[in-house]
$ cat data.tsv   # TSV, C-alpha atoms
chain	number	residue	atom	x	y	z
A	259	MET	CA	20.32	-16.04	46.28
A	260	LYS	CA	24.05	-16.00	45.72
A	261	SER	CA	23.74	-18.59	42.96
A	262	LYS	CA	21.22	-16.39	41.11
A	263	LEU	CA	23.54	-13.42	41.49
A	264	TYR	CA	26.44	-15.40	40.05
A	265	ILE	CA	24.28	-16.53	37.13
A	266	LEU	CA	23.22	-12.94	36.31
A	267	LEU	CA	26.80	-11.71	36.63
A	268	PHE	CA	28.06	-14.51	34.38
A	269	ALA	CA	25.35	-13.77	31.80
A	270	GLY	CA	26.23	-10.08	31.79
A	271	ILE	CA	29.94	-10.81	31.33
A	272	SER	CA	29.12	-13.29	28.55
A	273	VAL	CA	26.99	-10.77	26.65
A	274	LEU	CA	29.66	-8.10	27.02
A	275	THR	CA	32.37	-10.48	25.85
A	276	LEU	CA	30.25	-11.60	22.89
A	277	SER	CA	29.49	-8.04	21.79
A	278	CYS	CA	33.13	-7.08	21.95
A	279	LYS	CA	34.12	-10.24	20.12
A	280	THR	CA	31.55	-9.54	17.40
A	281	ALA	CA	32.81	-6.00	16.87
A	282	SER	CA	36.36	-7.37	16.86
A	283	LYS	CA	35.44	-9.92	14.22
A	284	LEU	CA	33.93	-7.24	11.99
A	285	TYR	CA	37.08	-5.16	12.44
A	286	GLU	CA	39.35	-8.11	11.64
A	287	LYS	CA	37.36	-8.86	8.47
A	288	GLY	CA	37.70	-5.26	7.31
A	289	ASN	CA	34.02	-4.43	7.83
A	290	TYR	CA	34.95	-1.17	9.49
A	291	THR	CA	31.66	0.68	9.02
A	292	GLU	CA	29.65	-2.16	10.57
A	293	ALA	CA	32.19	-2.44	13.38
A	294	VAL	CA	31.74	1.26	14.19
A	295	GLU	CA	27.95	1.03	14.23
A	296	LEU	CA	27.93	-2.09	16.43
A	297	ALA	CA	30.56	-0.80	18.84
A	298	ALA	CA	28.70	2.53	19.19
A	299	LYS	CA	25.49	0.67	19.99
A	300	LYS	CA	27.21	-1.38	22.69
A	301	LEU	CA	28.98	1.64	24.12
A	302	GLN	CA	25.62	3.28	24.83
A	303	LYS	CA	25.24	0.72	27.62
A	304	ASP	CA	28.86	0.73	28.76
A	305	PRO	CA	30.66	3.88	27.55
A	306	ASP	CA	33.83	3.01	29.53
A	307	ASP	CA	34.54	-0.33	27.82
A	308	ALA	CA	38.23	0.05	26.89
A	309	LYS	CA	38.25	-2.68	24.23
A	310	LEU	CA	35.22	-1.26	22.42
A	311	LEU	CA	36.68	2.25	22.60
A	312	THR	CA	39.87	1.04	20.93
A	313	ILE	CA	37.89	-0.84	18.26
A	314	ILE	CA	35.65	2.12	17.43
A	315	GLN	CA	38.58	4.52	17.13
A	316	SER	CA	40.53	2.28	14.78
A	317	SER	CA	37.46	1.19	12.81
A	318	TYR	CA	36.30	4.76	12.26
A	319	ARG	CA	39.72	5.86	11.01
A	320	TYR	CA	39.99	2.97	8.54
A	321	ALA	CA	36.35	3.30	7.44
A	322	VAL	CA	36.77	7.00	6.65
A	323	ASN	CA	39.92	6.27	4.64
A	324	ASP	CA	38.11	3.51	2.66
A	325	HIS	CA	35.00	5.57	1.88
A	326	GLU	CA	36.92	8.72	0.95
A	327	SER	CA	39.22	6.69	-1.28
A	328	ARG	CA	36.20	5.30	-3.13
A	329	ILE	CA	34.68	8.76	-3.35
A	330	ARG	CA	37.83	10.09	-5.05
A	331	SER	CA	37.78	7.14	-7.44
A	332	HIS	CA	34.11	7.68	-8.32
A	333	ALA	CA	34.71	11.40	-8.82
A	334	GLU	CA	37.14	10.60	-11.63
A	335	SER	CA	34.69	8.22	-13.32
A	336	THR	CA	32.85	9.15	-16.51
A	337	ASN	CA	29.85	7.01	-15.57
A	338	GLU	CA	26.72	9.13	-15.13
A	339	LEU	CA	25.80	7.18	-12.00
A	340	LYS	CA	28.95	8.30	-10.19
A	341	TRP	CA	26.96	10.87	-8.14
A	342	GLU	CA	24.78	8.07	-6.84
A	343	TRP	CA	27.80	5.97	-5.93
A	344	MET	CA	29.36	8.95	-4.13
A	345	TYR	CA	26.09	9.58	-2.33
A	346	ASN	CA	26.08	5.99	-1.05
A	347	GLU	CA	29.61	6.40	0.31
A	348	TYR	CA	28.67	9.63	2.09
A	349	ALA	CA	25.55	7.92	3.43
A	350	SER	CA	27.75	5.26	5.05
A	351	LEU	CA	29.97	7.95	6.55
A	352	GLN	CA	26.93	9.78	7.88
A	353	ARG	CA	25.54	6.61	9.46
A	354	MET	CA	28.77	6.26	11.44
A	355	TYR	CA	28.50	9.89	12.54
A	356	ASP	CA	24.89	9.38	13.65
A	357	ALA	CA	25.78	6.20	15.57
A	358	ILE	CA	28.68	7.86	17.41
A	359	TYR	CA	26.69	11.05	18.08
A	360	LYS	CA	24.32	9.01	20.27
A	361	VAL	CA	27.22	8.30	22.68
A	362	PRO	CA	28.46	11.71	23.96
A	363	SER	CA	31.44	10.22	25.78
A	364	VAL	CA	32.66	8.55	22.59
A	365	LEU	CA	31.91	11.65	20.51
A	366	ASN	CA	34.76	13.52	22.21
A	367	ILE	CA	37.21	10.68	21.66
A	368	VAL	CA	36.49	9.82	18.00
A	369	THR	CA	35.41	13.32	16.78
A	370	PRO	CA	33.45	12.12	13.72
A	371	VAL	CA	32.72	14.37	10.76
A	372	ASP	CA	29.16	15.42	9.90
A	373	TYR	CA	28.59	14.69	6.18
A	374	SER	CA	24.92	15.76	6.02
A	375	SER	CA	25.67	18.69	3.68
A	376	TYR	CA	27.34	16.29	1.25
A	377	LEU	CA	24.24	14.09	1.29
A	378	VAL	CA	22.09	17.03	0.28
A	379	THR	CA	24.44	17.98	-2.55
A	380	TYR	CA	24.87	14.50	-4.00
A	381	SER	CA	21.25	13.44	-3.54
A	382	GLU	CA	20.31	16.36	-5.79
A	383	LYS	CA	22.89	15.37	-8.39
A	384	ALA	CA	21.96	11.66	-8.24
A	385	GLY	CA	18.25	12.47	-8.47
A	386	ASP	CA	18.79	14.74	-11.46
A	387	VAL	CA	20.72	12.03	-13.28
A	388	ARG	CA	17.99	9.46	-12.67
A	389	PHE	CA	15.37	11.95	-13.83
A	390	ASP	CA	17.28	12.65	-17.05
A	391	ARG	CA	17.73	8.93	-17.67
A	392	GLY	CA	14.00	8.49	-17.30
A	393	LEU	CA	13.32	11.22	-19.86
A	394	SER	CA	15.80	9.60	-22.22
A	395	PHE	CA	14.03	6.24	-22.02
A	396	MET	CA	10.68	7.93	-22.68
A	397	GLN	CA	12.06	9.56	-25.81
A	398	GLN	CA	13.60	6.40	-27.27
A	399	TYR	CA	10.41	4.80	-28.61
A	400	ASP	CA	6.83	5.67	-29.24
A	401	ALA	CA	4.45	3.82	-26.89
A	402	ARG	CA	3.10	1.89	-29.91
A	403	HIS	CA	6.54	0.61	-30.89
A	404	PRO	CA	7.20	-3.07	-29.98
A	405	ALA	CA	10.05	-1.98	-27.72
A	406	GLY	CA	8.11	0.95	-26.34
A	407	LYS	CA	6.62	-0.88	-23.35
A	408	GLN	CA	10.02	-1.95	-22.06
A	409	SER	CA	11.45	1.51	-22.63
A	410	TYR	CA	8.67	3.07	-20.55
A	411	LYS	CA	9.16	0.43	-17.85
A	412	ASN	CA	12.81	1.46	-17.68
A	413	ALA	CA	11.74	5.11	-17.47
A	414	TYR	CA	9.33	4.27	-14.64
A	415	ARG	CA	12.14	2.60	-12.66
A	416	GLU	CA	14.41	5.61	-13.22
A	417	PHE	CA	11.79	8.05	-11.93
A	418	GLN	CA	11.26	5.79	-8.93
A	419	ALA	CA	14.99	5.99	-8.24
A	420	ALA	CA	14.91	9.77	-8.68
A	421	LEU	CA	12.19	10.02	-6.04
A	422	ARG	CA	14.32	8.07	-3.58
A	423	PHE	CA	16.90	10.84	-3.83
A	424	LYS	CA	14.36	13.67	-4.16
A	425	PRO	CA	11.29	12.56	-2.20
A	426	GLY	CA	8.07	14.28	-3.20
A	427	ASN	CA	9.57	15.97	-6.27
A	428	ARG	CA	6.53	16.96	-8.34
A	429	ASP	CA	8.19	16.65	-11.77
A	430	ALA	CA	9.58	13.18	-11.03
A	431	LEU	CA	6.25	12.01	-9.64
A	432	GLN	CA	4.35	13.33	-12.66
A	433	LYS	CA	6.75	11.70	-15.11
A	434	MET	CA	6.74	8.42	-13.18
A	435	ASN	CA	2.95	8.25	-13.43
A	436	GLU	CA	3.08	9.16	-17.11
A	437	ALA	CA	5.70	6.48	-17.81
A	438	TYR	CA	3.62	3.90	-15.96
A	439	ASP	CA	0.53	4.70	-18.00
A	440	TYR	CA	2.46	3.92	-21.18
A	441	ALA	CA	4.35	0.97	-19.70
A	442	VAL	CA	1.30	-0.89	-18.43
A	443	THR	CA	-0.55	-3.37	-20.64
A	444	ASN	CA	-4.30	-2.90	-20.29
A	445	VAL	CA	-6.11	-6.18	-20.87
A	446	ILE	CA	-9.85	-6.17	-21.54
A	447	ILE	CA	-11.74	-9.36	-20.65
A	448	LEU	CA	-14.77	-9.67	-22.92
A	449	PRO	CA	-17.93	-11.43	-21.69
A	450	MET	CA	-17.86	-15.17	-22.24
A	451	GLN	CA	-19.81	-16.23	-25.32
A	452	GLN	CA	-21.14	-19.40	-26.86
A	453	TYR	CA	-20.95	-19.96	-30.56
A	454	GLY	CA	-24.04	-18.18	-31.76
A	455	GLY	CA	-24.45	-15.72	-28.88
A	456	TYR	CA	-23.63	-14.65	-25.35
A	457	VAL	CA	-23.80	-17.09	-22.49
A	458	TYR	CA	-26.78	-16.82	-20.21
A	459	SER	CA	-26.20	-15.12	-16.87
A	460	PHE	CA	-26.87	-18.29	-14.87
A	461	TYR	CA	-23.42	-19.59	-15.86
A	462	THR	CA	-21.81	-18.75	-12.56
A	463	VAL	CA	-18.95	-19.81	-10.30
A	464	GLY	CA	-19.71	-19.80	-6.61
A	465	GLY	CA	-22.72	-17.52	-7.14
A	466	ASN	CA	-20.66	-14.95	-9.09
A	467	ASN	CA	-20.78	-14.27	-12.80
A	468	PHE	CA	-18.00	-16.23	-14.53
A	469	ASP	CA	-16.46	-13.16	-16.21
A	470	ASP	CA	-16.57	-11.01	-13.07
A	471	GLN	CA	-15.04	-13.74	-10.94
A	472	LEU	CA	-12.21	-14.32	-13.42
A	473	ILE	CA	-11.46	-10.59	-13.73
A	474	ARG	CA	-11.53	-10.12	-9.96
A	475	ASN	CA	-9.12	-13.00	-9.39
A	476	LEU	CA	-6.73	-11.74	-12.08
A	477	GLN	CA	-6.85	-8.21	-10.70
A	478	TYR	CA	-5.91	-9.28	-7.19
A	479	SER	CA	-3.29	-11.88	-8.10
A	480	SER	CA	-1.87	-10.93	-11.49
A	481	GLY	CA	1.73	-11.10	-10.24
A	482	ASN	CA	2.76	-8.35	-12.66
A	483	GLU	CA	2.49	-4.67	-11.79
A	484	PHE	CA	2.63	-3.75	-15.48
A	485	VAL	CA	-0.51	-5.69	-16.45
A	486	LYS	CA	-4.00	-4.47	-15.55
A	487	PHE	CA	-7.24	-6.35	-16.19
A	488	TYR	CA	-10.61	-4.70	-16.87
A	489	SER	CA	-14.09	-5.72	-17.87
A	490	ALA	CA	-15.35	-4.28	-21.13
A	491	TRP	CA	-17.79	-2.09	-19.21
A	492	ASP	CA	-15.12	-0.72	-16.84
A	493	ALA	CA	-12.78	-0.02	-19.75
A	494	ARG	CA	-15.46	2.02	-21.55
A	495	SER	CA	-16.65	3.91	-18.48
A	496	GLN	CA	-13.10	4.77	-17.34
A	497	HIS	CA	-11.82	5.49	-20.87
A	498	ILE	CA	-9.07	2.89	-20.51
A	499	ARG	CA	-6.69	2.47	-23.43
A	500	THR	CA	-7.05	-1.05	-24.83
A	501	ASP	CA	-3.78	-2.90	-25.46
A	502	GLN	CA	-4.94	-6.50	-25.56
A	503	VAL	CA	-8.30	-8.25	-25.57
A	504	VAL	CA	-9.17	-11.64	-24.09
A	505	ASP	CA	-12.00	-13.26	-26.05
A	506	MET	CA	-13.63	-16.28	-24.36
A	507	ARG	CA	-15.97	-18.66	-26.15
A	508	LEU	CA	-17.68	-21.64	-24.60
A	509	ALA	CA	-17.17	-24.00	-27.52
A	510	THR	CA	-18.69	-27.03	-25.80
A	511	MET	CA	-21.22	-27.43	-23.01
A	512	ASN	CA	-22.56	-30.96	-22.98
A	513	ILE	CA	-24.81	-31.81	-20.04
A	514	GLY	CA	-25.09	-35.58	-20.02
A	515	ARG	CA	-28.25	-37.63	-19.71
A	516	TYR	CA	-28.95	-40.64	-17.57
A	517	ASN	CA	-27.21	-43.77	-18.83
A	518	ASP	CA	-28.10	-47.06	-17.19
A	519	TYR	CA	-25.78	-50.04	-17.40
A	520	LYS	CA	-27.53	-53.19	-16.20
A	521	THR	CA	-25.93	-56.48	-15.30
A	522	THR	CA	-27.72	-59.60	-14.12
A	523	ARG	CA	-26.22	-62.42	-12.15
A	524	LYS	CA	-27.64	-65.62	-10.77
A	525	VAL	CA	-26.94	-66.61	-7.18
A	526	SER	CA	-27.56	-69.94	-5.50
A	527	LYS	CA	-27.25	-71.18	-1.97
A	528	GLU	CA	-27.75	-74.50	-0.24
A	529	ILE	CA	-29.94	-74.09	2.84
A	530	LEU	CA	-31.59	-76.23	5.46
A	531	VAL	CA	-35.17	-76.86	4.35
A	532	LYS	CA	-36.43	-79.55	6.77
A	533	GLU	CA	-35.50	-81.31	10.04
A	534	ILE	CA	-37.04	-84.72	10.87
A	535	VAL	CA	-36.85	-85.77	14.56
A	536	ILE	CA	-36.71	-89.55	14.81
A	537	ARG	CA	-35.93	-89.49	18.49
A	538	PRO	CA	-34.39	-86.86	20.75
A	539	ASP	CA	-30.86	-87.89	19.95
A	540	SER	CA	-31.50	-88.52	16.28
A	541	ILE	CA	-32.44	-85.70	13.85
A	542	VAL	CA	-32.37	-85.98	10.08
A	543	LYS	CA	-31.68	-82.71	8.19
A	544	GLU	CA	-32.71	-82.16	4.61
A	545	TYR	CA	-30.97	-79.50	2.46
A	546	GLY	CA	-32.07	-77.86	-0.74
A	547	TRP	CA	-30.96	-75.19	-3.15
A	548	VAL	CA	-32.56	-71.78	-3.48
A	549	HIS	CA	-31.99	-69.36	-6.35
A	550	ALA	CA	-32.37	-65.69	-7.24
A	551	ASN	CA	-31.59	-63.35	-10.12
A	552	ILE	CA	-30.05	-60.00	-9.11
A	553	THR	CA	-30.11	-57.11	-11.58
A	554	THR	CA	-27.67	-54.28	-10.72
A	555	THR	CA	-28.12	-50.90	-12.37
A	556	ARG	CA	-25.22	-48.47	-12.54
A	557	ARG	CA	-26.65	-45.03	-13.44
A	558	THR	CA	-24.23	-42.39	-14.71
A	559	ILE	CA	-24.20	-38.83	-16.03
A	560	ALA	CA	-21.06	-37.69	-17.92
A	561	SER	CA	-20.75	-34.00	-18.82
A	562	ASN	CA	-18.02	-31.88	-20.35
A	563	ALA	CA	-17.29	-28.32	-21.37
A	564	VAL	CA	-14.51	-26.59	-23.31
A	565	LEU	CA	-13.63	-22.90	-23.12
A	566	GLN	CA	-11.58	-21.39	-25.94
A	567	VAL	CA	-9.54	-18.32	-25.06
A	568	ASP	CA	-7.97	-16.05	-27.66
A	569	VAL	CA	-5.74	-13.06	-26.89
A	570	ARG	CA	-5.50	-10.36	-29.52
A	571	ASP	CA	-3.89	-6.95	-29.67
A	572	ASN	CA	-5.91	-3.79	-30.27
A	573	ASP	CA	-5.48	-4.19	-34.02
A	574	GLY	CA	-6.99	-7.67	-33.95
A	575	ARG	CA	-3.72	-9.58	-34.42
A	576	TRP	CA	-3.72	-12.98	-32.73
A	577	LEU	CA	-1.17	-13.31	-29.92
A	578	TRP	CA	-2.04	-16.43	-27.90
A	579	ASN	CA	-4.78	-18.97	-27.44
A	580	ASP	CA	-5.55	-21.97	-25.28
A	581	ASN	CA	-8.38	-24.39	-24.48
A	582	PHE	CA	-9.63	-25.16	-21.00
A	583	ALA	CA	-11.68	-28.27	-20.31
A	584	GLY	CA	-14.01	-29.11	-17.47
A	585	THR	CA	-15.62	-32.46	-16.77
A	586	HIS	CA	-18.27	-33.74	-14.38
A	587	ASN	CA	-19.03	-37.40	-13.72
A	588	TRP	CA	-21.78	-38.67	-11.45
A	589	SER	CA	-22.83	-42.25	-10.75
A	590	THR	CA	-24.95	-44.35	-8.42
A	591	GLU	CA	-25.83	-48.05	-8.10
A	592	PHE	CA	-28.98	-49.87	-7.01
A	593	ALA	CA	-30.43	-53.37	-7.59
A	594	THR	CA	-33.61	-55.44	-7.89
A	595	TYR	CA	-34.07	-59.19	-7.60
A	596	THR	CA	-36.41	-62.06	-8.35
A	597	GLY	CA	-36.34	-65.36	-6.52
A	598	ASP	CA	-35.75	-66.46	-2.95
A	599	THR	CA	-34.67	-63.71	-0.56
A	600	ARG	CA	-32.75	-66.20	1.56
A	601	VAL	CA	-30.01	-66.39	-1.02
A	602	LEU	CA	-29.16	-62.68	-0.76
A	603	SER	CA	-25.96	-61.53	0.94
A	604	ALA	CA	-25.74	-58.46	3.19
A	605	THR	CA	-24.17	-56.47	0.32
A	606	ASP	CA	-26.92	-57.54	-2.05
A	607	LYS	CA	-29.57	-56.42	0.43
A	608	GLN	CA	-27.93	-53.00	0.80
A	609	LEU	CA	-28.02	-52.44	-2.97
A	610	ILE	CA	-31.62	-53.66	-3.19
A	611	ASP	CA	-32.73	-51.45	-0.32
A	612	ARG	CA	-31.05	-48.39	-1.88
A	613	ARG	CA	-33.46	-46.12	-3.67
A	614	ALA	CA	-32.73	-44.89	-7.16
A	615	GLU	CA	-31.00	-41.51	-6.73
A	616	PHE	CA	-31.53	-38.45	-8.84
A	617	GLY	CA	-28.45	-36.81	-10.28
A	618	PRO	CA	-27.36	-33.19	-9.76
A	619	THR	CA	-29.20	-30.39	-11.52
A	620	GLU	CA	-27.91	-28.87	-14.75
A	621	ASN	CA	-26.97	-25.70	-12.89
A	622	GLU	CA	-24.92	-27.65	-10.36
A	623	ILE	CA	-23.13	-29.58	-13.11
A	624	MET	CA	-22.36	-26.36	-15.00
A	625	ARG	CA	-21.18	-24.67	-11.80
A	626	CYS	CA	-18.72	-27.49	-11.07
A	627	MET	CA	-17.33	-27.55	-14.62
A	628	LEU	CA	-17.03	-23.76	-14.82
A	629	GLU	CA	-15.22	-23.72	-11.49
A	630	GLN	CA	-12.64	-26.14	-12.91
A	631	ILE	CA	-12.32	-24.06	-16.07
A	632	SER	CA	-12.08	-20.81	-14.12
A	633	ASN	CA	-9.25	-22.04	-11.88
A	634	ASP	CA	-7.29	-23.44	-14.83
A	635	ALA	CA	-7.90	-20.39	-17.03
A	636	GLN	CA	-6.90	-17.97	-14.28
A	637	TYR	CA	-3.61	-19.81	-13.69
A	638	ARG	CA	-2.61	-20.08	-17.35
A	639	ILE	CA	-3.78	-16.61	-18.40
A	640	LYS	CA	-1.84	-15.14	-15.49
A	641	ASN	CA	1.27	-17.10	-16.53
A	642	TYR	CA	0.95	-15.80	-20.08
A	643	PHE	CA	0.78	-12.17	-19.03
A	644	ASN	CA	3.59	-12.58	-16.49
A	645	ARG	CA	5.93	-12.84	-19.48
A	646	PHE	CA	5.45	-9.13	-20.12

$ encode --input "data.tsv" --output "structure tokens"
Amino acid sequence: MKSKLYILLFAGISVLTLSCKTASKLYEKGNYTEAVELAAKKLQKDPDDAKLLTIIQSSYRYAVNDHESRIRSHAESTNELKWEWMYNEYASLQRMYDAIYKVPSVLNIVTPVDYSSYLVTYSEKAGDVRFDRGLSFMQQYDARHPAGKQSYKNAYREFQAALRFKPGNRDALQKMNEAYDYAVTNVIILPMQQYGGYVYSFYTVGGNNFDDQLIRNLQYSSGNEFVKFYSAWDARSQHIRTDQVVDMRLATMNIGRYNDYKTTRKVSKEILVKEIVIRPDSIVKEYGWVHANITTTRRTIASNAVLQVDVRDNDGRWLWNDNFAGTHNWSTEFATYTGDTRVLSATDKQLIDRRAEFGPTENEIMRCMLEQISNDAQYRIKNYFNRF
């Protein structure tokens, strides 16, 4: 029992020593704000710790001097973001106040200043600046200008920043949504076609229509918040502005036929054909050769498909294209023979006993090839649009 008590006591002393040492290290490195926050947290458990009380007093004094010095420096700056910088300094000061306020015994010793009114003032100023910057970006270029998309993306980011300082502000939220609508690139995926007409609906991947599956995958894993993918039907029904069009044509769809490659080989084997018993201890064995012809058939089906993808803008100008190939190869082997069965090896018998197999159906072959094409197309189309 005593040993357990000593262990618990030692552990408690170790934790206390470590916490004090950590706060001391932060103080020694000049990280005064972090030292105050950590010391205040530890003092909630032990408000009479003399070392931590000394650290928090000194750290708070130096931290206030550092932050107020930076605030004065920012105030003299001509940079329009100075209000935001000043807000961040006041936010650090307020965090120290909040941390100390949770320890009433320390509150009377350190007497921190409440900077909450400053946060309100400078959050308003910082938010207004971000809002004005967003408006400026929106006015730089028309949405149809080559640089317009990037300008509206910048505006969107500015309005996002404004909302961090002015949460729920209706004007900033409205402008942010407006900027996003212009910044986003709406991509319309047209139904896959063959040269001469649309592809039949039985061209599917995993039971889903090829186009729908591709669009769904791109929608859920585009990797770019400023690119949205739509089917032609969705774009029309939702009145979506078309920025770019993906045109897919199945240039090649060759479903192979059976091809048989036959090879014939002769096999021979010397076997015991007769035993003549002259007397019990004398037997004469006669050997002879037996022969067979084994014909092995290797049956194959080789199929291939090529999808051509073109990306154009809304005016029909070509932007990018690529080809995506899918292949499917199937094969089986079986054999027949003429001659003496005794010459056949175990492997030969297995091939001879194997029945001629039928290959996969056309739908299964197409499904496999389109699955390859779909995976490759999704990856490379996504990479192309991630450049935006």

$ residues_around --input "data.tsv" --residues "region 354-371 of chain A" --least-positions-apart "6" --cutoff "8 Å" --atoms "all atoms listed in the file" --output "count of residues only"
12

$ atom_distance --input "data.tsv" --atom1 "CA of Ala614 (chain A)" --atom2 "CA of Gly597 (chain A)"
20.8 Å

$ atom_distance --input "data.tsv" --atom1 "CA of Tyr440 (chain A)" --atom2 "CA of Asn579 (chain A)"
24.8 Å

$ atom_distance --input "data.tsv" --atom1 "CA of Ile329 (chain A)" --atom2 "CA of Ala419 (chain A)"
20.5 Å

$ residues_around --input "data.tsv" --residues "region 566-570 of chain A" --least-positions-apart "6" --cutoff "8 Å" --atoms "only C-alpha atoms" --output "mmCIF file with C-alpha atoms, keeping the file's coordinate frame"
data_model
loop_
_atom_site.group_PDB
_atom_site.id
_atom_site.type_symbol
_atom_site.label_atom_id
_atom_site.label_comp_id
_atom_site.auth_asym_id
_atom_site.auth_seq_id
_atom_site.Cartn_x
_atom_site.Cartn_y
_atom_site.Cartn_z
ATOM 1 C CA GLN A 502 -4.940 -6.500 -25.560
ATOM 2 C CA VAL A 503 -8.300 -8.250 -25.570
ATOM 3 C CA VAL A 504 -9.170 -11.640 -24.090
ATOM 4 C CA ASP A 505 -12.000 -13.260 -26.050
ATOM 5 C CA MET A 506 -13.630 -16.280 -24.360
ATOM 6 C CA ARG A 507 -15.970 -18.660 -26.150
ATOM 7 C CA LEU A 508 -17.680 -21.640 -24.600
ATOM 8 C CA ALA A 509 -17.170 -24.000 -27.520
ATOM 9 C CA TRP A 576 -3.720 -12.980 -32.730
ATOM 10 C CA LEU A 577 -1.170 -13.310 -29.920
ATOM 11 C CA TRP A 578 -2.040 -16.430 -27.900
ATOM 12 C CA ASN A 579 -4.780 -18.970 -27.440
ATOM 13 C CA ASP A 580 -5.550 -21.970 -25.280
ATOM 14 C CA ASN A 581 -8.380 -24.390 -24.480
ATOM 15 C CA PHE A 582 -9.630 -25.160 -21.000
#

$ closest_residue --input "data.tsv" --among "A:Asn644, A:Leu565, A:Ser526, A:Thr500" --to "Gly546 (chain A)" --atoms "only C-alpha atoms"
A:Ser526

$ residues_around --input "data.tsv" --residues "Gln408 (chain A)" --least-positions-apart "6" --cutoff "10 Å" --atoms "only C-alpha atoms" --output "list in words"
Phe395, Met396, Tyr399, Ala401, Tyr414, Tyr440, Ala441, Val442 and Phe646 of chain A

$ residues_around --input "data.tsv" --residues "Asp469 (chain A)" --least-positions-apart "3" --cutoff "9 Å" --atoms "all atoms listed in the file" --output "VMD selection string"
chain A and resid 447 to 450 462 466 472 to 474 489

$ residues_near_point --input "data.tsv" --point "(-24.3, -50.9, -15.2)" --cutoff "7 Å" --atoms "only C-alpha atoms" --output "list in words"
Asp518, Tyr519, Lys520, Thr521, Thr554, Thr555, Arg556 and Arg557 of chain A

$ residues_around --input "data.tsv" --residues "Tyr345 (chain A)" --least-positions-apart "3" --cutoff "8 Å" --atoms "only C-alpha atoms" --output "PyMOL selection string"
chain A and resi 341-342+348-349+376-377+380-381+384

$ axis_aligned_box --input "data.tsv" --around "region 472-484 of chain A" --padding-each-side "4 Å" --output "JSON"
{"center_x": -4.7, "center_y": -9.0, "center_z": -11.3, "size_x": 23.0, "size_y": 18.6, "size_z": 16.3}

$ residues_near_point --input "data.tsv" --point "(-35.4, -76.7, 2.5)" --cutoff "8 Å" --atoms "all atoms listed in the file" --output "PDB file with C-alpha atoms, keeping the file's coordinate frame"
ATOM      1  CA  ILE A 529     -29.940 -74.090   2.840  1.00  0.00           C
ATOM      2  CA  LEU A 530     -31.590 -76.230   5.460  1.00  0.00           C
ATOM      3  CA  VAL A 531     -35.170 -76.860   4.350  1.00  0.00           C
ATOM      4  CA  LYS A 532     -36.430 -79.550   6.770  1.00  0.00           C
ATOM      5  CA  GLU A 544     -32.710 -82.160   4.610  1.00  0.00           C
ATOM      6  CA  TYR A 545     -30.970 -79.500   2.460  1.00  0.00           C
ATOM      7  CA  GLY A 546     -32.070 -77.860  -0.740  1.00  0.00           C
ATOM      8  CA  TRP A 547     -30.960 -75.190  -3.150  1.00  0.00           C
TER       9      TRP A 547
END

$ build_atoms --input "data.tsv" --residues "region 427-438 of chain A" --atoms "N, CA and C atoms" --output "CSV table (one decimal), in the frame of the given file"
chain,number,residue,atom,x,y,z
A,427,ASN,N,9.3,15.1,-5.1
A,427,ASN,CA,9.6,16.0,-6.3
A,427,ASN,C,8.4,15.9,-7.3
A,428,ARG,N,7.7,17.0,-7.5
A,428,ARG,CA,6.5,17.0,-8.3
A,428,ARG,C,6.8,16.5,-9.8
A,429,ASP,N,7.9,17.0,-10.4
A,429,ASP,CA,8.2,16.6,-11.8
A,429,ASP,C,8.5,15.2,-11.9
A,430,ALA,N,9.3,14.6,-11.0
A,430,ALA,CA,9.6,13.2,-11.0
A,430,ALA,C,8.3,12.3,-10.8
A,431,LEU,N,7.5,12.8,-9.9
A,431,LEU,CA,6.2,12.0,-9.6
A,431,LEU,C,5.3,12.0,-10.8
A,432,GLN,N,5.2,13.2,-11.5
A,432,GLN,CA,4.4,13.3,-12.7
A,432,GLN,C,4.9,12.5,-13.8
A,433,LYS,N,6.2,12.5,-14.0
A,433,LYS,CA,6.8,11.7,-15.1
A,433,LYS,C,6.7,10.2,-14.8
A,434,MET,N,6.8,9.8,-13.5
A,434,MET,CA,6.7,8.4,-13.2
A,434,MET,C,5.3,7.9,-13.5
A,435,ASN,N,4.3,8.7,-13.1
A,435,ASN,CA,3.0,8.2,-13.4
A,435,ASN,C,2.7,8.2,-14.9
A,436,GLU,N,3.2,9.1,-15.7
A,436,GLU,CA,3.1,9.2,-17.1
A,436,GLU,C,3.8,7.9,-17.7
A,437,ALA,N,5.0,7.6,-17.3
A,437,ALA,CA,5.7,6.5,-17.8
A,437,ALA,C,4.9,5.2,-17.5
A,438,TYR,N,4.4,5.1,-16.3
A,438,TYR,CA,3.6,3.9,-16.0
A,438,TYR,C,2.4,3.7,-16.9
